[in-house]
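Everything on this sheet refers to the single structure shown next.
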Amino acid sequence: MRTPFPGPPRSARAVDPPRPGTRPPTARESALPQGFRVALDRHTRVLDGGRSLLGGAPVTRLLRLSPRARTLLASDRTLRVENPAGAALADRLLELGLAHPVVLELPLPERPNVTYVVPVRDRPGPLDRLLRSIGHGTTVIVVDDASVNPGAVADVVGRHGARLVALPENLGPAGARNTGLRLVRTPFVVFVDSDVVLGADTVPTLLRHFADPRVGIAVPRVTGLRTDASDTWIGRYEETRSSLDLGERPALVRPGSFVSWASTACVVARAEALGDGFDTRMRVGEDVDLGWRVVQRGWRLRYEPAVSAAHEHRSAFPDWFRRKAEYGTGAHPLAERHPRSVAPAVLAPWSAAAVLALLAQRRWSVPVAAGLCAATAVKVGRRLGITDRPLRTAAGLTANGAVAALSQTGALITRHWWPVTAALCLVSRRARRAAAVAAVADVVLERANGHSGLDPLRYALARRLDDIAYGAGVWWSAVRGGSAASLLPRVQSPVARRPKASSSSSVRSASSSHSHRS
């Protein structure tokens with residue numbers, strides 16, 4: 001069924017920012033339902049015989065549990081909501097990132113009606129593949145974003161019984177998705193790109209997250225779709241290190257966390273949380289912007305790696321390199337809208353000083369860095385208060401912080417600041433050593449943590465080309481925008497307050513992950 005283009009002309013949308021969605025209910029207004037089960041994050045530590053929890057993201061916190069709260073947490077590190085006290089504690093654990101929902105045990109929403117919105121421009125073959133994976137019996141709106149051959153798209157849409165909206169001019173992904181969003185009449189909307197294939201359980205599983213009344217968006221893991229065309233060295237690299245694959249650890253997505261953004265290649269959302277939807281002034285990074293705006297209004301954005309959406313990555317080198325550069329150009333528009341969320345690195349003062357000492361490559365560099373780490377460990381240990389073995393716990397936190405700081409510094413050297421690195425390498429032996437160590441360590445660590453179908457040399461080459469393309473995009477957008485905000489790391493101190501009983505306090509010992517799309 002063909003639907004006329006509903007909405008104002010592009011000029012009107014290109015000027016005005018999108019209207020925000022509603023705010024979520026508070027925990028008192030709408031508590032977690034009976035039977036809602038959460039499990040502690042695998043990195044959350046139970047201390048003091050169960051009296052304290054240490055973990056969370058983006059800030060590591062120490063949460064002291066009251067005697068009543070301790071009885072609610074089972075020996076298998078899970079909590080099932082059975083009363084108001086359990087609902088309050090589960091909500092607190094979710095909000096701090098100390099725990100995540102046990103998604104397969106959550107009930108479906110009372111009204112799990114969804115509408116699929118699919119933006120497309122040509123590519124009738126992938127569109128047909130996607131619609132087959134969605135199946136029949138669902139409401140699907142396909143928005144043709146001014147295809148060169150609209151007839152081929154219309155034929156595919158007609159065969160699957162979907163609703164077609166043909167745009168008279170190309171609006172880009174944000175405009176196409178918003179066009180479909182204005183036609184949605186169900187409580188939930190699924191945005192899915194035409195080059196994606198959905199698993200049968202992907203959307204039903206994500207819908208379970210909305211048993212939490214404060215969840216506004218849920219996204220799956222985005223993996224590579226294997227095709228005949230993807231069997232290239234670039235295709236195999238993307239299978240290992242896709243820009244859209246956010247890993248195997250569930251997360252509450254928020255700026256600065258280990259999962260700091262989410263792609264809308266596939267996303268399930270409450271329609272009420274989105275408002276007018278995407279910012280049509282953005283051609284790149286519009287998905288990151290939408291997620292951050294929804295989070296800023298108090299909604300939760302859940303990343304659920306238990307289910308996936310297979311995405312057909314670019315496997316031809318020219319297209320792949322160009323796309324990586326396009327990702328980088330989103331940094332400046334995001335920095336304009338979210339100035340505190342787009343820093344390429346976030347460092348604590350002590351870790352920044354330690355990194356600078358090591359980069360100096362003097363005889364005193366390692367002793368000074370070690371001294372800063374030791375002093376930080378002692379300080380953090382004192383702030384942990386009555387926990388058992390506070391110094392040992394603090395040393396572990398400090399070591400993790402040092403590793404995170406070095407990792408982010410390596411990314412600055414090889415990725416975000418590579419033009420500066422290249423220039424310094426021409427005149428400085430120390431710069432050449434730092435660049436070599438960063439480039440080699442990056443590849444060795446990534447290959448140790450993953451499985452690659454590439455030999456080390458081609459993997460290293462692809463990794464550095466990835467950095468060059470993305471970094472070039474970041475610098476191009478910064479120059480065009482006349483601002484270096486997207487290139488500057490942020491140095492910040494955690495809040496230093498001594499905890500009271502049954503409260504949480506920040507004990508962050510190091511920086512969070514950077515917020516650029518990587």
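Ordering of the structure tokens sets the chain letters (A, B, ...); residue numbers start at 1 within each chain; ligands are numbered from 1 in the order shown.
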
Task: Contacts of stretch 167-184 of chain A within 6 Å, only C-alpha atoms, excl. fewer than 4 positions in-chain, as a PyMOL selection string - done: chain A and resi 5+117+119+143-146+277-278+280

Using only C-alpha atoms, which residues of stretch 287-385 of chain A come within 8 Å of stretch 401-418 of chain A, and what is the closest atom pair for each, with the distance in Å to one decimal? Give it as a Markdown table, sorted by chain and residue number.
```
| residue | atom | partner | partner_atom | distance |
| --- | --- | --- | --- | --- |
| A:Pro344 | CA | A:His416 | CA | 7.1 |
| A:Ala345 | CA | A:Gln408 | CA | 5.8 |
| A:Leu347 | CA | A:Ala405 | CA | 6.5 |
| A:Ser351 | CA | A:Ala405 | CA | 6.2 |
| A:Ala352 | CA | A:Ala405 | CA | 7.4 |
| A:Val355 | CA | A:Leu406 | CA | 6.8 |
| A:Cys373 | CA | A:Ala402 | CA | 7.6 |
```

Go ahead and write the residues just picked, all heavy atoms, as a PDB file, in the first residue's frame.
```
ATOM      1  N   PRO A 344      37.090  12.496  23.343  1.00  0.00           N
ATOM      2  CA  PRO A 344      37.691  11.236  22.893  1.00  0.00           C
ATOM      3  C   PRO A 344      38.341  10.446  24.016  1.00  0.00           C
ATOM      4  O   PRO A 344      38.656   9.275  23.841  1.00  0.00           O
ATOM      5  CB  PRO A 344      38.728  11.695  21.869  1.00  0.00           C
ATOM      6  CG  PRO A 344      39.058  13.088  22.254  1.00  0.00           C
ATOM      7  CD  PRO A 344      37.792  13.676  22.806  1.00  0.00           C
ATOM      8  N   ALA A 345      38.555  11.074  25.155  1.00  0.00           N
ATOM      9  CA  ALA A 345      39.090  10.377  26.330  1.00  0.00           C
ATOM     10  C   ALA A 345      38.659  11.151  27.560  1.00  0.00           C
ATOM     11  O   ALA A 345      38.536  12.377  27.524  1.00  0.00           O
ATOM     12  CB  ALA A 345      40.609  10.284  26.268  1.00  0.00           C
ATOM     13  N   LEU A 347      39.803  11.379  31.547  1.00  0.00           N
ATOM     14  CA  LEU A 347      40.875  10.977  32.456  1.00  0.00           C
ATOM     15  C   LEU A 347      40.714  11.629  33.820  1.00  0.00           C
ATOM     16  O   LEU A 347      40.289  12.785  33.917  1.00  0.00           O
ATOM     17  CB  LEU A 347      42.238  11.356  31.882  1.00  0.00           C
ATOM     18  CG  LEU A 347      42.586  10.832  30.478  1.00  0.00           C
ATOM     19  CD1 LEU A 347      43.885  11.457  30.006  1.00  0.00           C
ATOM     20  CD2 LEU A 347      42.684   9.321  30.483  1.00  0.00           C
ATOM     21  N   SER A 351      45.547   9.952  36.691  1.00  0.00           N
ATOM     22  CA  SER A 351      45.895   9.108  35.548  1.00  0.00           C
ATOM     23  C   SER A 351      46.423   9.951  34.392  1.00  0.00           C
ATOM     24  O   SER A 351      47.315   9.513  33.658  1.00  0.00           O
ATOM     25  CB  SER A 351      44.690   8.274  35.104  1.00  0.00           C
ATOM     26  OG  SER A 351      43.601   9.085  34.709  1.00  0.00           O
ATOM     27  N   ALA A 352      45.897  11.169  34.246  1.00  0.00           N
ATOM     28  CA  ALA A 352      46.435  12.059  33.214  1.00  0.00           C
ATOM     29  C   ALA A 352      47.891  12.399  33.512  1.00  0.00           C
ATOM     30  O   ALA A 352      48.744  12.408  32.612  1.00  0.00           O
ATOM     31  CB  ALA A 352      45.594  13.332  33.136  1.00  0.00           C
ATOM     32  N   VAL A 355      50.090   9.322  32.784  1.00  0.00           N
ATOM     33  CA  VAL A 355      50.280   9.132  31.344  1.00  0.00           C
ATOM     34  C   VAL A 355      51.290  10.134  30.797  1.00  0.00           C
ATOM     35  O   VAL A 355      52.178   9.784  30.004  1.00  0.00           O
ATOM     36  CB  VAL A 355      48.936   9.253  30.610  1.00  0.00           C
ATOM     37  CG1 VAL A 355      49.153   9.419  29.110  1.00  0.00           C
ATOM     38  CG2 VAL A 355      48.070   8.027  30.883  1.00  0.00           C
ATOM     39  N   CYS A 373      50.213   6.167  41.061  1.00  0.00           N
ATOM     40  CA  CYS A 373      49.302   5.032  41.212  1.00  0.00           C
ATOM     41  C   CYS A 373      49.220   4.601  42.672  1.00  0.00           C
ATOM     42  O   CYS A 373      48.134   4.307  43.191  1.00  0.00           O
ATOM     43  CB  CYS A 373      49.748   3.861  40.345  1.00  0.00           C
ATOM     44  SG  CYS A 373      49.566   4.129  38.561  1.00  0.00           S
TER      45      CYS A 373
END
```

Please report, as a Markdown table, each residue of stretch 217-280 of chain A lying at most 12 Å from stretch 326-337 of chain A, together with the nearest pair of atoms and the separation in Å rounded to one decimal; use only C-alpha atoms, and order rows by chain and ascending residue number.
```
| residue | atom | partner | partner_atom | distance |
| --- | --- | --- | --- | --- |
| A:Ser243 | CA | A:Tyr327 | CA | 9.1 |
| A:Leu244 | CA | A:Tyr327 | CA | 10.8 |
| A:Pro255 | CA | A:Leu334 | CA | 11.7 |
| A:Trp261 | CA | A:Leu334 | CA | 11.6 |
| A:Ser263 | CA | A:Tyr327 | CA | 11.6 |
| A:Asp279 | CA | A:Arg337 | CA | 10.6 |
| A:Thr280 | CA | A:Pro333 | CA | 11.9 |
```

Export of the given selection (N, CA, C and O atoms) as a PDB file, in the first residue's frame:
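The resulting file, result.pdb, is shown below:
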```
ATOM      1  N   SER A 243      32.224  -1.585  13.726  1.00  0.00           N
ATOM      2  CA  SER A 243      31.949  -0.344  14.441  1.00  0.00           C
ATOM      3  C   SER A 243      30.633  -0.415  15.212  1.00  0.00           C
ATOM      4  O   SER A 243      30.427   0.332  16.172  1.00  0.00           O
ATOM      5  N   LEU A 244      29.729  -1.306  14.790  1.00  0.00           N
ATOM      6  CA  LEU A 244      28.403  -1.376  15.396  1.00  0.00           C
ATOM      7  C   LEU A 244      28.283  -2.452  16.465  1.00  0.00           C
ATOM      8  O   LEU A 244      27.283  -2.497  17.188  1.00  0.00           O
ATOM      9  N   PRO A 255      26.339   8.093  28.276  1.00  0.00           N
ATOM     10  CA  PRO A 255      27.635   8.677  27.929  1.00  0.00           C
ATOM     11  C   PRO A 255      28.684   8.402  28.991  1.00  0.00           C
ATOM     12  O   PRO A 255      28.423   8.491  30.187  1.00  0.00           O
ATOM     13  N   TRP A 261      26.990   4.518  23.647  1.00  0.00           N
ATOM     14  CA  TRP A 261      26.061   4.913  22.592  1.00  0.00           C
ATOM     15  C   TRP A 261      25.473   3.647  21.989  1.00  0.00           C
ATOM     16  O   TRP A 261      25.937   2.542  22.267  1.00  0.00           O
ATOM     17  N   SER A 263      23.542   2.098  18.226  1.00  0.00           N
ATOM     18  CA  SER A 263      23.167   2.302  16.832  1.00  0.00           C
ATOM     19  C   SER A 263      21.673   2.039  16.648  1.00  0.00           C
ATOM     20  O   SER A 263      21.065   1.257  17.379  1.00  0.00           O
ATOM     21  N   ASP A 279      17.075  14.056  14.862  1.00  0.00           N
ATOM     22  CA  ASP A 279      17.399  15.418  14.438  1.00  0.00           C
ATOM     23  C   ASP A 279      17.742  15.386  12.952  1.00  0.00           C
ATOM     24  O   ASP A 279      18.800  14.881  12.558  1.00  0.00           O
ATOM     25  N   THR A 280      16.856  15.929  12.120  1.00  0.00           N
ATOM     26  CA  THR A 280      17.043  15.856  10.670  1.00  0.00           C
ATOM     27  C   THR A 280      18.168  16.750  10.177  1.00  0.00           C
ATOM     28  O   THR A 280      18.528  16.691   8.998  1.00  0.00           O
TER      29      THR A 280
END
```

TODO: State, in Å with one decimal place, the distance from atom CA of A:Ala269 to atom CA of A:Arg42.
DONE: 26.3 Å

TODO: Please give the complete set of residues from stretch 248-478 of chain A that DSSP, run on the backbone, assigns to alpha helix (DSSP H), formatted as a VMD selection string.
DONE: chain A and resid 271 to 274 286 to 296 317 to 329 331 to 337 349 to 360 365 to 384 390 to 411 418 to 425 429 to 449 456 to 478

Open item on the list: Could you list, as an NGL selection string, every residue within 6 Å of A:Ala369, counting only C-alpha atoms and ignoring same-chain residues fewer than 3 positions away?
Closed with: :A and (354 or 366 or 372)

- [ ] Identify, on the basis of only C-alpha atoms, every residue whose closest approach to A:Ala316 does not exceed 12 Å; exclude the query and any residue fewer than 4 positions from it along the same chain; express the result as an NGL selection string.
- [x] :A and (228-238 or 312 or 320-323)

Emit the selected residues as a PDB file, in the first residue's frame, including N, CA and C atoms.
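Below you can see again-v3.pdb, which holds the result:
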```
ATOM      1  N   ASP A 228      28.326 -13.821   0.336  1.00  0.00           N
ATOM      2  CA  ASP A 228      29.421 -14.111  -0.596  1.00  0.00           C
ATOM      3  C   ASP A 228      30.335 -12.898  -0.759  1.00  0.00           C
ATOM      4  N   ALA A 229      29.719 -11.702  -0.731  1.00  0.00           N
ATOM      5  CA  ALA A 229      30.496 -10.478  -0.933  1.00  0.00           C
ATOM      6  C   ALA A 229      31.357 -10.137   0.284  1.00  0.00           C
ATOM      7  N   SER A 230      31.009 -10.671   1.458  1.00  0.00           N
ATOM      8  CA  SER A 230      31.743 -10.292   2.667  1.00  0.00           C
ATOM      9  C   SER A 230      33.017 -11.096   2.876  1.00  0.00           C
ATOM     10  N   ASP A 231      33.289 -12.061   1.997  1.00  0.00           N
ATOM     11  CA  ASP A 231      34.482 -12.898   2.159  1.00  0.00           C
ATOM     12  C   ASP A 231      35.703 -12.208   1.562  1.00  0.00           C
ATOM     13  N   THR A 232      36.010 -11.033   2.117  1.00  0.00           N
ATOM     14  CA  THR A 232      37.207 -10.281   1.743  1.00  0.00           C
ATOM     15  C   THR A 232      37.990  -9.984   3.012  1.00  0.00           C
ATOM     16  N   TRP A 233      39.198  -9.479   2.877  1.00  0.00           N
ATOM     17  CA  TRP A 233      39.987  -9.194   4.073  1.00  0.00           C
ATOM     18  C   TRP A 233      39.334  -8.095   4.906  1.00  0.00           C
ATOM     19  N   ILE A 234      38.681  -7.125   4.247  1.00  0.00           N
ATOM     20  CA  ILE A 234      37.964  -6.097   4.990  1.00  0.00           C
ATOM     21  C   ILE A 234      36.722  -6.695   5.639  1.00  0.00           C
ATOM     22  N   GLY A 235      36.032  -7.575   4.914  1.00  0.00           N
ATOM     23  CA  GLY A 235      34.851  -8.216   5.482  1.00  0.00           C
ATOM     24  C   GLY A 235      35.184  -9.034   6.716  1.00  0.00           C
ATOM     25  N   ARG A 236      36.302  -9.753   6.682  1.00  0.00           N
ATOM     26  CA  ARG A 236      36.694 -10.556   7.840  1.00  0.00           C
ATOM     27  C   ARG A 236      37.126  -9.676   9.009  1.00  0.00           C
ATOM     28  N   TYR A 237      37.736  -8.559   8.701  1.00  0.00           N
ATOM     29  CA  TYR A 237      38.076  -7.603   9.762  1.00  0.00           C
ATOM     30  C   TYR A 237      36.801  -7.077  10.434  1.00  0.00           C
ATOM     31  N   GLU A 238      35.794  -6.740   9.629  1.00  0.00           N
ATOM     32  CA  GLU A 238      34.549  -6.211  10.182  1.00  0.00           C
ATOM     33  C   GLU A 238      33.841  -7.252  11.040  1.00  0.00           C
ATOM     34  N   GLU A 312      24.714  -6.215   7.214  1.00  0.00           N
ATOM     35  CA  GLU A 312      25.597  -6.416   6.059  1.00  0.00           C
ATOM     36  C   GLU A 312      26.610  -5.277   6.001  1.00  0.00           C
ATOM     37  N   TRP A 320      34.061   0.892   2.373  1.00  0.00           N
ATOM     38  CA  TRP A 320      34.349   0.740   3.790  1.00  0.00           C
ATOM     39  C   TRP A 320      35.121   1.940   4.322  1.00  0.00           C
ATOM     40  N   PHE A 321      36.172   2.365   3.636  1.00  0.00           N
ATOM     41  CA  PHE A 321      37.002   3.477   4.093  1.00  0.00           C
ATOM     42  C   PHE A 321      36.181   4.765   4.144  1.00  0.00           C
ATOM     43  N   ARG A 322      35.361   4.976   3.134  1.00  0.00           N
ATOM     44  CA  ARG A 322      34.531   6.187   3.104  1.00  0.00           C
ATOM     45  C   ARG A 322      33.529   6.197   4.256  1.00  0.00           C
ATOM     46  N   ARG A 323      32.947   5.037   4.556  1.00  0.00           N
ATOM     47  CA  ARG A 323      31.972   4.973   5.641  1.00  0.00           C
ATOM     48  C   ARG A 323      32.620   5.238   6.989  1.00  0.00           C
TER      49      ARG A 323
END
```
